file run.txt (compact mmCIF, C-alpha atoms)
# COMPACT_ATOMS: atom_id res chain seq x y z
CA MET A 11 -43.63 -21.89 -29.30
CA LYS A 12 -42.28 -22.72 -32.74
CA PHE A 13 -45.33 -24.13 -34.51
CA CYS A 14 -48.98 -23.16 -34.75
CA SER A 15 -51.11 -25.40 -32.56
CA ALA A 16 -54.06 -24.91 -34.92
CA CYS A 17 -52.45 -25.82 -38.28
CA GLY A 18 -48.93 -27.08 -37.52
CA GLN A 19 -47.09 -24.49 -39.63
CA GLY A 20 -44.40 -22.09 -38.38
CA VAL A 21 -45.11 -19.06 -36.18
CA GLU A 22 -43.33 -15.71 -36.02
CA LEU A 23 -43.20 -13.10 -33.27
CA LYS A 24 -44.93 -9.88 -34.28
CA ILE A 25 -47.27 -7.25 -32.91
CA PRO A 26 -50.78 -7.86 -34.29
CA PRO A 27 -52.78 -4.82 -35.48
CA GLY A 28 -54.31 -2.99 -32.51
CA ASP A 29 -52.13 -4.90 -30.03
CA HIS A 30 -49.19 -3.56 -28.01
CA LEU A 31 -47.02 -6.66 -27.46
CA PRO A 32 -45.35 -9.17 -29.79
CA ARG A 33 -47.37 -12.40 -30.07
CA HIS A 34 -46.75 -15.73 -31.74
CA VAL A 35 -48.64 -15.39 -35.04
CA CYS A 36 -49.00 -18.26 -37.53
CA THR A 37 -47.34 -17.54 -40.89
CA GLN A 38 -49.95 -19.74 -42.62
CA CYS A 39 -53.36 -19.46 -40.96
CA GLY A 40 -52.80 -16.18 -39.10
CA GLU A 41 -53.85 -17.57 -35.72
CA ILE A 42 -52.58 -15.42 -32.82
CA HIS A 43 -51.34 -17.36 -29.79
CA TYR A 44 -51.40 -15.72 -26.35
CA PHE A 45 -49.52 -16.68 -23.22
CA ASN A 46 -50.76 -15.42 -19.87
CA PRO A 47 -49.90 -15.73 -16.19
CA LYS A 48 -51.08 -18.79 -14.29
CA VAL A 49 -53.10 -18.96 -11.11
CA ILE A 50 -51.86 -21.06 -8.19
CA ALA A 51 -54.71 -22.08 -5.87
CA GLY A 52 -53.75 -23.05 -2.33
CA CYS A 53 -55.16 -23.50 1.14
CA ILE A 54 -54.02 -23.70 4.75
CA PRO A 55 -56.01 -26.59 6.26
CA GLU A 56 -56.49 -26.11 10.01
CA TRP A 57 -57.40 -28.98 12.31
CA GLU A 58 -59.68 -28.32 15.30
CA ASP A 59 -56.73 -28.16 17.72
CA GLY A 60 -55.23 -25.27 15.71
CA ARG A 61 -52.51 -27.26 13.98
CA ILE A 62 -52.17 -26.81 10.23
CA LEU A 63 -51.43 -29.32 7.51
CA MET A 64 -47.99 -29.07 5.91
CA CYS A 65 -46.47 -31.14 3.09
CA LYS A 66 -42.82 -31.93 2.40
CA ARG A 67 -42.34 -31.67 -1.35
CA ASN A 68 -41.50 -34.92 -3.13
CA ILE A 69 -41.06 -33.21 -6.50
CA GLU A 70 -38.97 -30.45 -8.02
CA PRO A 71 -38.76 -27.52 -7.75
CA ARG A 72 -37.83 -27.19 -4.07
CA LEU A 73 -37.80 -30.95 -3.42
CA GLY A 74 -37.68 -31.62 0.33
CA LYS A 75 -38.97 -28.16 1.28
CA TRP A 76 -42.27 -27.56 3.09
CA THR A 77 -45.50 -26.06 1.81
CA PHE A 78 -49.23 -26.12 2.38
CA PRO A 79 -51.25 -27.67 -0.49
CA ALA A 80 -51.16 -25.47 -3.62
CA GLY A 81 -51.00 -25.98 -7.37
CA PHE A 82 -52.05 -24.76 -10.80
CA LEU A 83 -55.72 -23.90 -11.15
CA GLU A 84 -57.43 -26.05 -13.80
CA LEU A 85 -59.96 -24.96 -16.44
CA ASN A 86 -63.55 -24.58 -15.16
CA GLU A 87 -62.52 -24.57 -11.51
CA THR A 88 -62.94 -21.87 -8.87
CA SER A 89 -59.86 -21.10 -6.82
CA GLY A 90 -61.55 -22.71 -3.81
CA GLN A 91 -62.30 -25.89 -5.74
CA GLY A 92 -58.73 -25.97 -7.03
CA ALA A 93 -57.33 -25.50 -3.54
CA ALA A 94 -59.47 -28.34 -2.14
CA ARG A 95 -58.45 -30.59 -5.04
CA GLU A 96 -54.78 -29.86 -4.44
CA ALA A 97 -55.20 -30.69 -0.74
CA LYS A 98 -56.60 -34.08 -1.72
CA GLU A 99 -53.91 -34.72 -4.35
CA GLU A 100 -50.96 -33.62 -2.27
CA SER A 101 -51.95 -34.83 1.19
CA GLN A 102 -55.00 -37.14 0.84
CA ALA A 103 -56.84 -34.65 3.06
CA GLU A 104 -60.49 -33.62 2.79
CA VAL A 105 -60.90 -29.92 3.48
CA GLU A 106 -63.63 -27.31 3.49
CA ILE A 107 -62.62 -23.91 2.14
CA THR A 108 -63.71 -21.16 4.55
CA GLY A 109 -62.43 -17.91 3.00
CA LEU A 110 -59.74 -16.06 1.10
CA LEU A 111 -56.52 -15.29 2.99
CA SER A 112 -54.15 -13.79 0.43
CA VAL A 113 -53.60 -12.83 -3.18
CA ILE A 114 -49.91 -12.63 -4.05
CA ASN A 115 -48.58 -11.50 -7.42
CA VAL A 116 -45.30 -13.10 -8.48
CA PRO A 117 -44.63 -11.35 -11.79
CA TYR A 118 -41.08 -12.69 -12.26
CA VAL A 119 -42.57 -16.16 -12.79
CA SER A 120 -45.90 -14.89 -14.21
CA GLN A 121 -47.94 -16.39 -11.38
CA ILE A 122 -50.63 -15.18 -9.04
CA TYR A 123 -51.28 -17.09 -5.81
CA VAL A 124 -54.83 -17.23 -4.46
CA VAL A 125 -54.61 -18.73 -0.96
CA HIS A 126 -57.62 -19.77 1.11
CA ARG A 127 -58.27 -20.62 4.73
CA ALA A 128 -59.61 -24.16 5.12
CA ARG A 129 -60.91 -26.56 7.73
CA LEU A 130 -59.44 -30.07 7.80
CA LEU A 131 -62.56 -32.25 7.98
CA ARG A 132 -60.95 -35.40 9.42
CA PRO A 133 -57.49 -36.06 10.86
CA GLU A 134 -56.78 -38.36 7.93
CA PHE A 135 -53.93 -37.58 5.56
CA GLY A 136 -50.67 -39.06 4.35
CA PRO A 137 -47.89 -39.04 1.79
CA THR A 138 -48.57 -38.93 -1.95
CA ASN A 139 -46.54 -38.82 -5.15
CA GLU A 140 -46.18 -35.09 -4.60
CA SER A 141 -45.49 -35.13 -0.84
CA ALA A 142 -42.89 -37.30 0.87
CA GLU A 143 -44.34 -36.44 4.27
CA VAL A 144 -47.54 -34.79 5.50
CA ARG A 145 -47.81 -33.46 9.06
CA LEU A 146 -50.01 -31.39 11.32
CA MET A 147 -47.86 -28.63 12.81
CA ARG A 148 -48.28 -26.12 15.61
CA GLU A 149 -47.10 -22.60 14.80
CA ASP A 150 -43.88 -23.19 16.77
CA GLU A 151 -43.18 -26.30 14.68
CA ILE A 152 -43.26 -24.55 11.27
CA PRO A 153 -39.82 -24.96 9.63
CA TRP A 154 -39.50 -21.29 8.61
CA ASP A 155 -36.05 -21.85 7.10
CA GLU A 156 -37.29 -24.76 5.01
CA ILE A 157 -40.37 -23.25 3.34
CA ALA A 158 -40.64 -24.00 -0.37
CA PHE A 159 -41.64 -20.60 -1.77
CA PRO A 160 -41.88 -16.99 -0.55
CA THR A 161 -45.62 -16.99 -1.34
CA ILE A 162 -46.04 -19.86 1.12
CA PHE A 163 -43.88 -18.15 3.74
CA HIS A 164 -45.82 -14.89 3.58
CA SER A 165 -49.22 -16.57 3.54
CA LEU A 166 -48.33 -18.56 6.66
CA LYS A 167 -47.18 -15.36 8.39
CA PHE A 168 -50.46 -13.64 7.44
CA PHE A 169 -52.43 -16.62 8.74
CA PHE A 170 -50.74 -16.79 12.14
CA ALA A 171 -50.68 -12.98 12.60
CA ASP A 172 -54.43 -12.85 11.95
CA ARG A 173 -55.12 -15.74 14.27
CA ALA A 174 -53.11 -14.12 17.06
CA GLN A 175 -55.43 -11.11 16.71
CA GLY A 176 -58.57 -13.23 16.45
CA ILE A 177 -59.39 -11.93 12.97
CA GLN A 178 -59.73 -13.38 9.48
CA GLY A 179 -58.09 -10.70 7.40
CA PHE A 180 -57.43 -10.48 3.71
CA HIS A 181 -53.92 -9.74 2.46
CA GLU A 182 -52.54 -8.61 -0.88
CA LEU A 183 -48.88 -8.61 -1.73
CA ASP A 184 -46.69 -8.09 -4.80
CA LEU A 185 -43.41 -9.99 -4.75
CA THR A 186 -41.19 -8.15 -7.16
CA LYS A 187 -37.83 -9.64 -6.25
CA ARG A 188 -36.71 -13.24 -6.08
CA LEU A 189 -36.40 -13.50 -2.30
CA LEU A 190 -37.23 -16.57 -0.29
CA ARG A 191 -37.90 -14.54 2.84
CA PRO A 192 -38.78 -10.92 3.64
CA GLU A 193 -35.83 -8.58 3.96
CA MET B 2 -55.06 -27.65 -30.15
CA LYS B 3 -54.33 -30.04 -33.01
CA PHE B 4 -50.55 -29.74 -33.41
CA CYS B 5 -47.60 -29.63 -31.03
CA SER B 6 -46.34 -26.06 -30.65
CA ALA B 7 -42.82 -27.39 -29.92
CA CYS B 8 -42.34 -29.72 -32.92
CA GLY B 9 -45.34 -29.23 -35.24
CA GLN B 10 -46.52 -32.87 -35.16
CA GLY B 11 -49.96 -34.09 -34.11
CA VAL B 12 -51.16 -34.17 -30.52
CA GLU B 13 -53.55 -36.58 -28.81
CA LEU B 14 -55.64 -36.19 -25.66
CA LYS B 15 -54.50 -38.52 -22.90
CA ILE B 16 -53.84 -38.56 -19.18
CA PRO B 17 -50.08 -38.36 -18.57
CA PRO B 18 -48.59 -40.64 -15.87
CA GLY B 19 -49.20 -39.18 -12.42
CA ASP B 20 -51.76 -36.69 -13.74
CA HIS B 21 -55.53 -36.76 -13.27
CA LEU B 22 -56.86 -34.95 -16.35
CA PRO B 23 -56.49 -35.52 -20.10
CA ARG B 24 -53.87 -33.22 -21.66
CA HIS B 25 -52.76 -32.54 -25.19
CA VAL B 26 -49.66 -34.75 -25.55
CA CYS B 27 -47.45 -34.74 -28.65
CA THR B 28 -47.39 -38.07 -30.48
CA GLN B 29 -43.82 -37.34 -31.64
CA CYS B 30 -41.83 -35.44 -29.02
CA GLY B 31 -44.01 -36.23 -25.98
CA GLU B 32 -44.43 -32.60 -24.94
CA ILE B 33 -47.42 -32.10 -22.64
CA HIS B 34 -49.47 -28.94 -23.28
CA TYR B 35 -51.47 -27.41 -20.44
CA PHE B 36 -54.35 -24.95 -20.63
CA ASN B 37 -55.24 -22.94 -17.54
CA PRO B 38 -57.68 -20.22 -16.48
CA LYS B 39 -56.85 -16.62 -17.31
CA VAL B 40 -56.65 -13.65 -14.97
CA ILE B 41 -58.59 -10.48 -15.79
CA ALA B 42 -57.08 -7.43 -14.08
CA GLY B 43 -59.35 -4.42 -13.63
CA CYS B 44 -59.75 -1.21 -11.67
CA ILE B 45 -62.41 1.30 -10.71
CA PRO B 46 -60.75 4.72 -11.19
CA GLU B 47 -62.27 7.32 -8.86
CA TRP B 48 -61.93 11.05 -9.50
CA GLU B 49 -61.62 13.42 -6.52
CA ASP B 50 -65.30 14.39 -6.71
CA GLY B 51 -66.31 10.74 -6.23
CA ARG B 52 -67.28 10.02 -9.82
CA ILE B 53 -65.85 6.86 -11.38
CA LEU B 54 -64.54 6.23 -14.86
CA MET B 55 -66.68 4.03 -17.09
CA CYS B 56 -66.10 2.86 -20.67
CA LYS B 57 -68.65 1.93 -23.34
CA ARG B 58 -67.30 -1.13 -25.12
CA ASN B 59 -66.33 -0.63 -28.76
CA ILE B 60 -65.48 -4.31 -29.26
CA GLU B 61 -67.17 -7.67 -28.93
CA PRO B 62 -68.22 -9.35 -26.74
CA ARG B 63 -70.87 -7.06 -25.24
CA LEU B 64 -70.28 -4.23 -27.73
CA GLY B 65 -72.03 -1.06 -26.55
CA LYS B 66 -72.27 -2.19 -22.92
CA TRP B 67 -70.52 -0.42 -20.05
CA THR B 68 -67.54 -1.51 -17.95
CA PHE B 69 -64.68 -0.12 -15.93
CA PRO B 70 -61.21 -0.80 -17.42
CA ALA B 71 -60.31 -4.51 -17.29
CA GLY B 72 -58.48 -7.02 -19.47
CA PHE B 73 -56.26 -10.07 -19.64
CA LEU B 74 -53.22 -9.96 -17.39
CA GLU B 75 -49.98 -10.18 -19.38
CA LEU B 76 -46.84 -12.19 -18.57
CA ASN B 77 -44.54 -10.60 -15.97
CA GLU B 78 -47.17 -8.15 -14.75
CA THR B 79 -48.76 -7.76 -11.34
CA SER B 80 -52.54 -7.48 -11.31
CA GLY B 81 -52.19 -3.82 -10.29
CA GLN B 82 -49.83 -3.09 -13.18
CA GLY B 83 -52.18 -4.87 -15.57
CA ALA B 84 -55.17 -2.91 -14.28
CA ALA B 85 -53.35 0.42 -14.70
CA ARG B 86 -52.24 -0.58 -18.23
CA GLU B 87 -55.80 -1.49 -19.18
CA ALA B 88 -57.03 1.89 -17.87
CA LYS B 89 -54.54 3.60 -20.17
CA GLU B 90 -55.36 1.39 -23.16
CA GLU B 91 -59.13 1.51 -22.81
CA SER B 92 -59.67 5.09 -21.62
CA GLN B 93 -56.37 7.02 -22.04
CA ALA B 94 -56.51 7.57 -18.25
CA GLU B 95 -53.58 7.62 -15.85
CA VAL B 96 -54.46 5.92 -12.59
CA GLU B 97 -52.83 5.00 -9.31
CA ILE B 98 -53.87 1.61 -7.91
CA THR B 99 -54.81 1.94 -4.23
CA GLY B 100 -55.93 -1.53 -3.15
CA LEU B 101 -57.72 -4.75 -3.96
CA LEU B 102 -61.53 -4.62 -4.06
CA SER B 103 -62.64 -8.04 -5.29
CA VAL B 104 -61.59 -11.47 -6.51
CA ILE B 105 -64.31 -13.15 -8.57
CA ASN B 106 -64.08 -16.67 -9.93
CA VAL B 107 -65.93 -17.28 -13.20
CA PRO B 108 -65.30 -20.99 -13.76
CA TYR B 109 -67.72 -21.36 -16.69
CA VAL B 110 -65.37 -19.24 -18.79
CA SER B 111 -62.19 -20.27 -16.88
CA GLN B 112 -61.49 -16.73 -15.70
CA ILE B 113 -60.66 -15.08 -12.41
CA TYR B 114 -61.21 -11.34 -12.02
CA VAL B 115 -58.85 -9.37 -9.78
CA VAL B 116 -60.36 -5.89 -9.37
CA HIS B 117 -58.59 -2.96 -7.73
CA ARG B 118 -59.59 0.41 -6.38
CA ALA B 119 -57.77 3.26 -8.16
CA ARG B 120 -57.37 7.01 -8.12
CA LEU B 121 -57.75 8.89 -11.41
CA LEU B 122 -54.69 11.13 -11.42
CA ARG B 123 -55.96 13.77 -13.88
CA PRO B 124 -59.40 14.40 -15.39
CA GLU B 125 -58.00 13.48 -18.79
CA PHE B 126 -59.45 10.53 -20.69
CA GLY B 127 -61.22 9.76 -23.92
CA PRO B 128 -62.33 7.15 -26.44
CA THR B 129 -59.97 4.48 -27.76
CA ASN B 130 -60.15 1.53 -30.14
CA GLU B 131 -61.64 -0.47 -27.29
CA SER B 132 -64.03 2.18 -25.91
CA ALA B 133 -66.52 4.16 -28.01
CA GLU B 134 -67.16 6.51 -25.08
CA VAL B 135 -65.47 7.17 -21.74
CA ARG B 136 -67.29 9.05 -18.97
CA LEU B 137 -67.05 9.99 -15.33
CA MET B 138 -70.26 8.86 -13.62
CA ARG B 139 -71.89 9.48 -10.28
CA GLU B 140 -73.35 6.39 -8.60
CA ASP B 141 -76.86 7.43 -9.70
CA GLU B 142 -75.68 7.62 -13.31
CA ILE B 143 -74.39 4.03 -13.53
CA PRO B 144 -76.38 2.21 -16.26
CA TRP B 145 -77.05 -0.91 -14.18
CA ASP B 146 -79.08 -2.53 -16.96
CA GLU B 147 -76.31 -1.95 -19.49
CA ILE B 148 -73.30 -3.37 -17.64
CA ALA B 149 -71.08 -5.61 -19.80
CA PHE B 150 -70.41 -8.52 -17.43
CA PRO B 151 -71.68 -9.80 -14.05
CA THR B 152 -68.16 -9.47 -12.61
CA ILE B 153 -68.29 -5.74 -13.42
CA PHE B 154 -71.80 -5.40 -11.99
CA HIS B 155 -70.89 -7.08 -8.69
CA SER B 156 -67.60 -5.22 -8.30
CA LEU B 157 -69.39 -1.88 -8.77
CA LYS B 158 -71.97 -2.88 -6.15
CA PHE B 159 -69.17 -3.84 -3.73
CA PHE B 160 -67.42 -0.54 -4.39
CA PHE B 161 -70.44 1.67 -3.75
CA ALA B 162 -71.65 -0.35 -0.75
CA ASP B 163 -68.22 -0.01 0.87
CA ARG B 164 -68.06 3.68 0.14
CA ALA B 165 -71.50 4.27 1.66
CA GLN B 166 -70.12 2.69 4.84
CA GLY B 167 -66.83 4.60 4.69
CA ILE B 168 -64.79 1.41 4.43
CA GLN B 169 -62.45 -0.18 1.90
CA GLY B 170 -63.49 -3.81 2.13
CA PHE B 171 -62.31 -6.85 0.27
CA HIS B 172 -64.83 -9.11 -1.45
CA GLU B 173 -64.65 -12.63 -2.83
CA LEU B 174 -67.31 -14.18 -5.00
CA ASP B 175 -67.77 -17.31 -7.09
CA LEU B 176 -70.09 -16.91 -10.07
CA THR B 177 -71.23 -20.40 -10.91
CA LYS B 178 -74.12 -19.59 -13.22
CA ARG B 179 -74.24 -17.51 -16.39
CA LEU B 180 -76.26 -14.63 -15.00
CA LEU B 181 -75.77 -11.01 -15.92
CA ARG B 182 -77.25 -9.80 -12.67
CA PRO B 183 -77.83 -11.24 -9.20
CA GLU B 184 -81.03 -13.17 -8.77

call {"tool": "encode", "arguments": {"input": "run.txt", "output": "C-alpha cells"}}
result
Amino acid sequence: MKFCSACGQGVELKIPPGDHLPRHVCTQCGEIHYFNPKVIAGCIPEWEDGRILMCKRNIEPRLGKWTFPAGFLELNETSGQGAAREAKEESQAEVEITGLLSVINVPYVSQIYVVHRARLLRPEFGPTNESAEVRLMREDEIPWDEIAFPTIFHSLKFFFADRAQGIQGFHELDLTKRLLRPE
Amino acid sequence: MKFCSACGQGVELKIPPGDHLPRHVCTQCGEIHYFNPKVIAGCIPEWEDGRILMCKRNIEPRLGKWTFPAGFLELNETSGQGAAREAKEESQAEVEITGLLSVINVPYVSQIYVVHRARLLRPEFGPTNESAEVRLMREDEIPWDEIAFPTIFHSLKFFFADRAQGIQGFHELDLTKRLLRPE
C-alpha cells in the first residue's frame, strides 16, 4: 500500500497510539489501514459410492495439481456457504455441506483453511475456468504426489482416516513450515 | 474505498473478467482490490481451580460488557498465537493454548471466530487499555446478561457444557441473525 484508499494521499508505516504493530497510516486524513489473514473455505464432496470430487487446477499457483474445491471466503458468507460456492465455481457441482472437518493455520502465507465435509447432490460436474479436469476418485486413485497444497493433502488424510474408523472427527493443525507433505 | 492504494487514482466498482462479484478496480493502473472476512482469535483461559479469566471491555463496541480475550488475527500468526497475544494485551495474562473449542461464522459482520481452550499459567493479570477490569470467575459468577457478543456467549456455553461432561469437544456454529443470546 502506497496511497490512502480513503483520500488518495500518501501513507506511512507507523505504530498508531495504543497499537503494537506498524500500520499504514494516511499522512493527510489519518486513516489507519489494516491487513489481516484471509480465510480459505473448502469442502470434500463425497458421492454416494464413497468417491470424492477432485479438481485439476487450471490456474496458477500450482497449475495442473489436484485439489478439492476451495477458495477465498467472501464478505457476508459463512465458511459453509463459501465452500459450496467454490464447489459450484470450480467444478459445476451442487453440494450440501454436512460438517466441519479441519481448521488449518498457514501463517507463512497469512491464511486459515476451514474445510468442510460435503455431500455431492448429483453426479453432475465438469471442467471450468479454474479446473482443467474434474473427477470422482476412490481413495486409491488420489494422486498424493500431485496435490496442490499441504492443507489439501492433510485434509484429505484426515478425511480418509476418519472414514476408515467410521467417525466424523474434527482436526486442527498449524503448518509452520513450507512443506508440501508431512515429514 | 475511493482511491487505489497502489497508485492513488480513483477506483470504480465492476466485475473483473472471470469473477462473479463487483470489486474495486483502479481506473488508471487496473489493480483489483479485494475485501474479505476477518478472523477473530480468542481463548478461554482456565486457572487450576476451574475459574476462567474474563475481561470487562474498556473500549467500544460493547463498552462495559464482559468477554474472554479475543481480537483480530494479525498477518503471519496462527489462531492460537493470536489468541495468546490477545490474552496478554487485554488482561496481562500468560496463557498456554490447549485446543480448539469453537468456530463461529458471523456473516452479517463478515467475521469468523476461532476460539481456543487455554491454561492460565500464573494467577497474574490485571486491567489494560482494553479491559477496565479482569477477573477469574466460577461458572455461577458469569454475567450471562452482560456478555459482549453472541460468539462469546455461545463459546462459554460450549465450554461449560463440555466440562460438565468431562469432554473437550469441538463446536461449529453459524450465527445468521443479530441476536445477543440464543432464542

call {"tool": "closest_atom_pairs", "arguments": {"input": "run.txt", "of": "chain A", "to": "chain B", "cutoff": "10 Å", "atoms": "all atoms listed in the file", "output": "JSON lines"}}
result
{"residue": "A:Met11", "atom": "CA", "partner": "B:Ser6", "partner_atom": "CA", "distance": 5.2}
{"residue": "A:Lys12", "atom": "CA", "partner": "B:Ala7", "partner_atom": "CA", "distance": 5.5}
{"residue": "A:Phe13", "atom": "CA", "partner": "B:Ser6", "partner_atom": "CA", "distance": 4.4}
{"residue": "A:Cys14", "atom": "CA", "partner": "B:Ser6", "partner_atom": "CA", "distance": 5.7}
{"residue": "A:Ser15", "atom": "CA", "partner": "B:Phe4", "partner_atom": "CA", "distance": 4.5}
{"residue": "A:Ala16", "atom": "CA", "partner": "B:Lys3", "partner_atom": "CA", "distance": 5.5}
{"residue": "A:Cys17", "atom": "CA", "partner": "B:Phe4", "partner_atom": "CA", "distance": 6.5}
{"residue": "A:Gly18", "atom": "CA", "partner": "B:Gly9", "partner_atom": "CA", "distance": 4.8}
{"residue": "A:Gln19", "atom": "CA", "partner": "B:Gly9", "partner_atom": "CA", "distance": 6.7}
{"residue": "A:Gly20", "atom": "CA", "partner": "B:Gly9", "partner_atom": "CA", "distance": 7.9}
{"residue": "A:Val21", "atom": "CA", "partner": "B:Ser6", "partner_atom": "CA", "distance": 9.0}
{"residue": "A:Gly28", "atom": "CA", "partner": "B:Asn130", "partner_atom": "CA", "distance": 7.8}
{"residue": "A:Asp29", "atom": "CA", "partner": "B:Glu90", "partner_atom": "CA", "distance": 9.9}
{"residue": "A:His30", "atom": "CA", "partner": "B:Glu90", "partner_atom": "CA", "distance": 9.3}
{"residue": "A:Leu31", "atom": "CA", "partner": "B:Glu75", "partner_atom": "CA", "distance": 9.3}
{"residue": "A:Tyr44", "atom": "CA", "partner": "B:Glu75", "partner_atom": "CA", "distance": 9.0}
{"residue": "A:Phe45", "atom": "CA", "partner": "B:Leu76", "partner_atom": "CA", "distance": 7.0}
{"residue": "A:Asn46", "atom": "CA", "partner": "B:Leu76", "partner_atom": "CA", "distance": 5.2}
{"residue": "A:Pro47", "atom": "CA", "partner": "B:Leu76", "partner_atom": "CA", "distance": 5.2}
{"residue": "A:Lys48", "atom": "CA", "partner": "B:Asn37", "partner_atom": "CA", "distance": 6.7}
{"residue": "A:Val49", "atom": "CA", "partner": "B:Pro38", "partner_atom": "CA", "distance": 7.2}
{"residue": "A:Phe82", "atom": "CA", "partner": "B:Asn37", "partner_atom": "CA", "distance": 7.7}
{"residue": "A:Leu83", "atom": "CA", "partner": "B:Asn37", "partner_atom": "CA", "distance": 6.5}
{"residue": "A:Glu84", "atom": "CA", "partner": "B:Asn37", "partner_atom": "CA", "distance": 5.3}
{"residue": "A:Leu85", "atom": "CA", "partner": "B:Ser111", "partner_atom": "CA", "distance": 5.2}
{"residue": "A:Asn86", "atom": "CA", "partner": "B:Pro108", "partner_atom": "CA", "distance": 4.2}
{"residue": "A:Glu87", "atom": "CA", "partner": "B:Pro108", "partner_atom": "CA", "distance": 5.1}
{"residue": "A:Thr88", "atom": "CA", "partner": "B:Asn106", "partner_atom": "CA", "distance": 5.4}
{"residue": "A:Ser89", "atom": "CA", "partner": "B:Asn106", "partner_atom": "CA", "distance": 6.9}
{"residue": "A:Gly90", "atom": "CA", "partner": "B:Asp175", "partner_atom": "CA", "distance": 8.9}
{"residue": "A:Gln91", "atom": "CA", "partner": "B:Pro108", "partner_atom": "CA", "distance": 9.9}
{"residue": "A:Glu99", "atom": "CA", "partner": "B:His21", "partner_atom": "CA", "distance": 9.3}
{"residue": "A:Gly109", "atom": "CA", "partner": "B:Glu173", "partner_atom": "CA", "distance": 8.2}
{"residue": "A:Leu110", "atom": "CA", "partner": "B:Glu173", "partner_atom": "CA", "distance": 7.2}
{"residue": "A:Val113", "atom": "CA", "partner": "B:Val104", "partner_atom": "CA", "distance": 8.8}
{"residue": "A:Ile114", "atom": "CA", "partner": "B:Thr79", "partner_atom": "CA", "distance": 8.8}
{"residue": "A:Asn115", "atom": "CA", "partner": "B:Thr79", "partner_atom": "CA", "distance": 5.4}
{"residue": "A:Val116", "atom": "CA", "partner": "B:Thr79", "partner_atom": "CA", "distance": 7.0}
{"residue": "A:Pro117", "atom": "CA", "partner": "B:Asn77", "partner_atom": "CA", "distance": 4.2}
{"residue": "A:Tyr118", "atom": "CA", "partner": "B:Asn77", "partner_atom": "CA", "distance": 5.5}
{"residue": "A:Val119", "atom": "CA", "partner": "B:Asn77", "partner_atom": "CA", "distance": 6.7}
{"residue": "A:Ser120", "atom": "CA", "partner": "B:Asn77", "partner_atom": "CA", "distance": 4.8}
{"residue": "A:Gln121", "atom": "CA", "partner": "B:Asn77", "partner_atom": "CA", "distance": 8.1}
{"residue": "A:Ile122", "atom": "CA", "partner": "B:Thr79", "partner_atom": "CA", "distance": 8.0}
{"residue": "A:Val124", "atom": "CA", "partner": "B:Val104", "partner_atom": "CA", "distance": 9.1}
{"residue": "A:Asn139", "atom": "CA", "partner": "B:Gly19", "partner_atom": "CA", "distance": 7.7}
{"residue": "A:Glu140", "atom": "CA", "partner": "B:Gly19", "partner_atom": "CA", "distance": 9.3}
{"residue": "A:Gly179", "atom": "CA", "partner": "B:Phe171", "partner_atom": "CA", "distance": 9.1}
{"residue": "A:Phe180", "atom": "CA", "partner": "B:Phe171", "partner_atom": "CA", "distance": 7.0}
{"residue": "A:His181", "atom": "CA", "partner": "B:Leu101", "partner_atom": "CA", "distance": 9.0}
{"residue": "A:Glu182", "atom": "CA", "partner": "B:Leu101", "partner_atom": "CA", "distance": 7.2}
{"residue": "A:Leu183", "atom": "CA", "partner": "B:Thr79", "partner_atom": "CA", "distance": 9.6}
{"residue": "A:Asp184", "atom": "CA", "partner": "B:Thr79", "partner_atom": "CA", "distance": 6.9}
{"residue": "A:Leu185", "atom": "CA", "partner": "B:Thr79", "partner_atom": "CA", "distance": 8.8}
{"residue": "A:Thr186", "atom": "CA", "partner": "B:Thr79", "partner_atom": "CA", "distance": 8.7}

call {"tool": "atom_distance", "arguments": {"input": "run.txt", "atom1": "atom CA of Ile143 of chain B", "atom2": "atom CA of Lys178 of chain B"}}
result
23.6 Å

call {"tool": "atom_distance", "arguments": {"input": "run.txt", "atom1": "atom CA of Gly72 of chain B", "atom2": "atom CA of Ile50 of chain A"}}
result
19.2 Å

call {"tool": "atom_distance", "arguments": {"input": "run.txt", "atom1": "atom CA of His43 of chain A", "atom2": "atom CA of Glu91 of chain B"}}
result
21.6 Å

call {"tool": "closest_residue", "arguments": {"input": "run.txt", "among": "B:Asp141, B:Asp50, B:Asp163, B:Asp146", "to": "Arg123 of chain B", "atoms": "all atoms listed in the file"}}
result
B:Asp50

call {"tool": "closest_residue", "arguments": {"input": "run.txt", "among": "A:Ala103, A:Lys24, A:Ala97, A:Leu73", "to": "Gly136 of chain A", "atoms": "only C-alpha atoms"}}
result
A:Ala103

call {"tool": "residues_around", "arguments": {"input": "run.txt", "residues": "Arg120 of chain B", "least_positions_apart": "6", "cutoff": "9 Å", "atoms": "all atoms listed in the file", "output": "PDB file with C-alpha atoms, in the frame of the given file"}}
result
ATOM      1  CA  ILE B  45     -62.410   1.300 -10.710  1.00  0.00           C
ATOM      2  CA  PRO B  46     -60.750   4.720 -11.190  1.00  0.00           C
ATOM      3  CA  GLU B  47     -62.270   7.320  -8.860  1.00  0.00           C
ATOM      4  CA  TRP B  48     -61.930  11.050  -9.500  1.00  0.00           C
ATOM      5  CA  GLU B  49     -61.620  13.420  -6.520  1.00  0.00           C
ATOM      6  CA  GLU B  95     -53.580   7.620 -15.850  1.00  0.00           C
ATOM      7  CA  VAL B  96     -54.460   5.920 -12.590  1.00  0.00           C
ATOM      8  CA  GLU B  97     -52.830   5.000  -9.310  1.00  0.00           C
ATOM      9  CA  ILE B  98     -53.870   1.610  -7.910  1.00  0.00           C
ATOM     10  CA  THR B  99     -54.810   1.940  -4.230  1.00  0.00           C
TER      11      THR B  99
END

call {"tool": "closest_residue", "arguments": {"input": "run.txt", "among": "A:Ala93, A:Cys53, A:Ala142, A:Cys36", "to": "Ile162 of chain A", "atoms": "only C-alpha atoms"}}
result
A:Cys53

call {"tool": "axis_aligned_box", "arguments": {"input": "run.txt", "around": "segment 94-106 of chain B", "padding_each_side": "4 Å", "output": "AutoDock Vina command-line options"}}
result
--center_x -58.6 --center_y -4.5 --center_z -10.7 --size_x 19.5 --size_y 32.3 --size_z 23.1
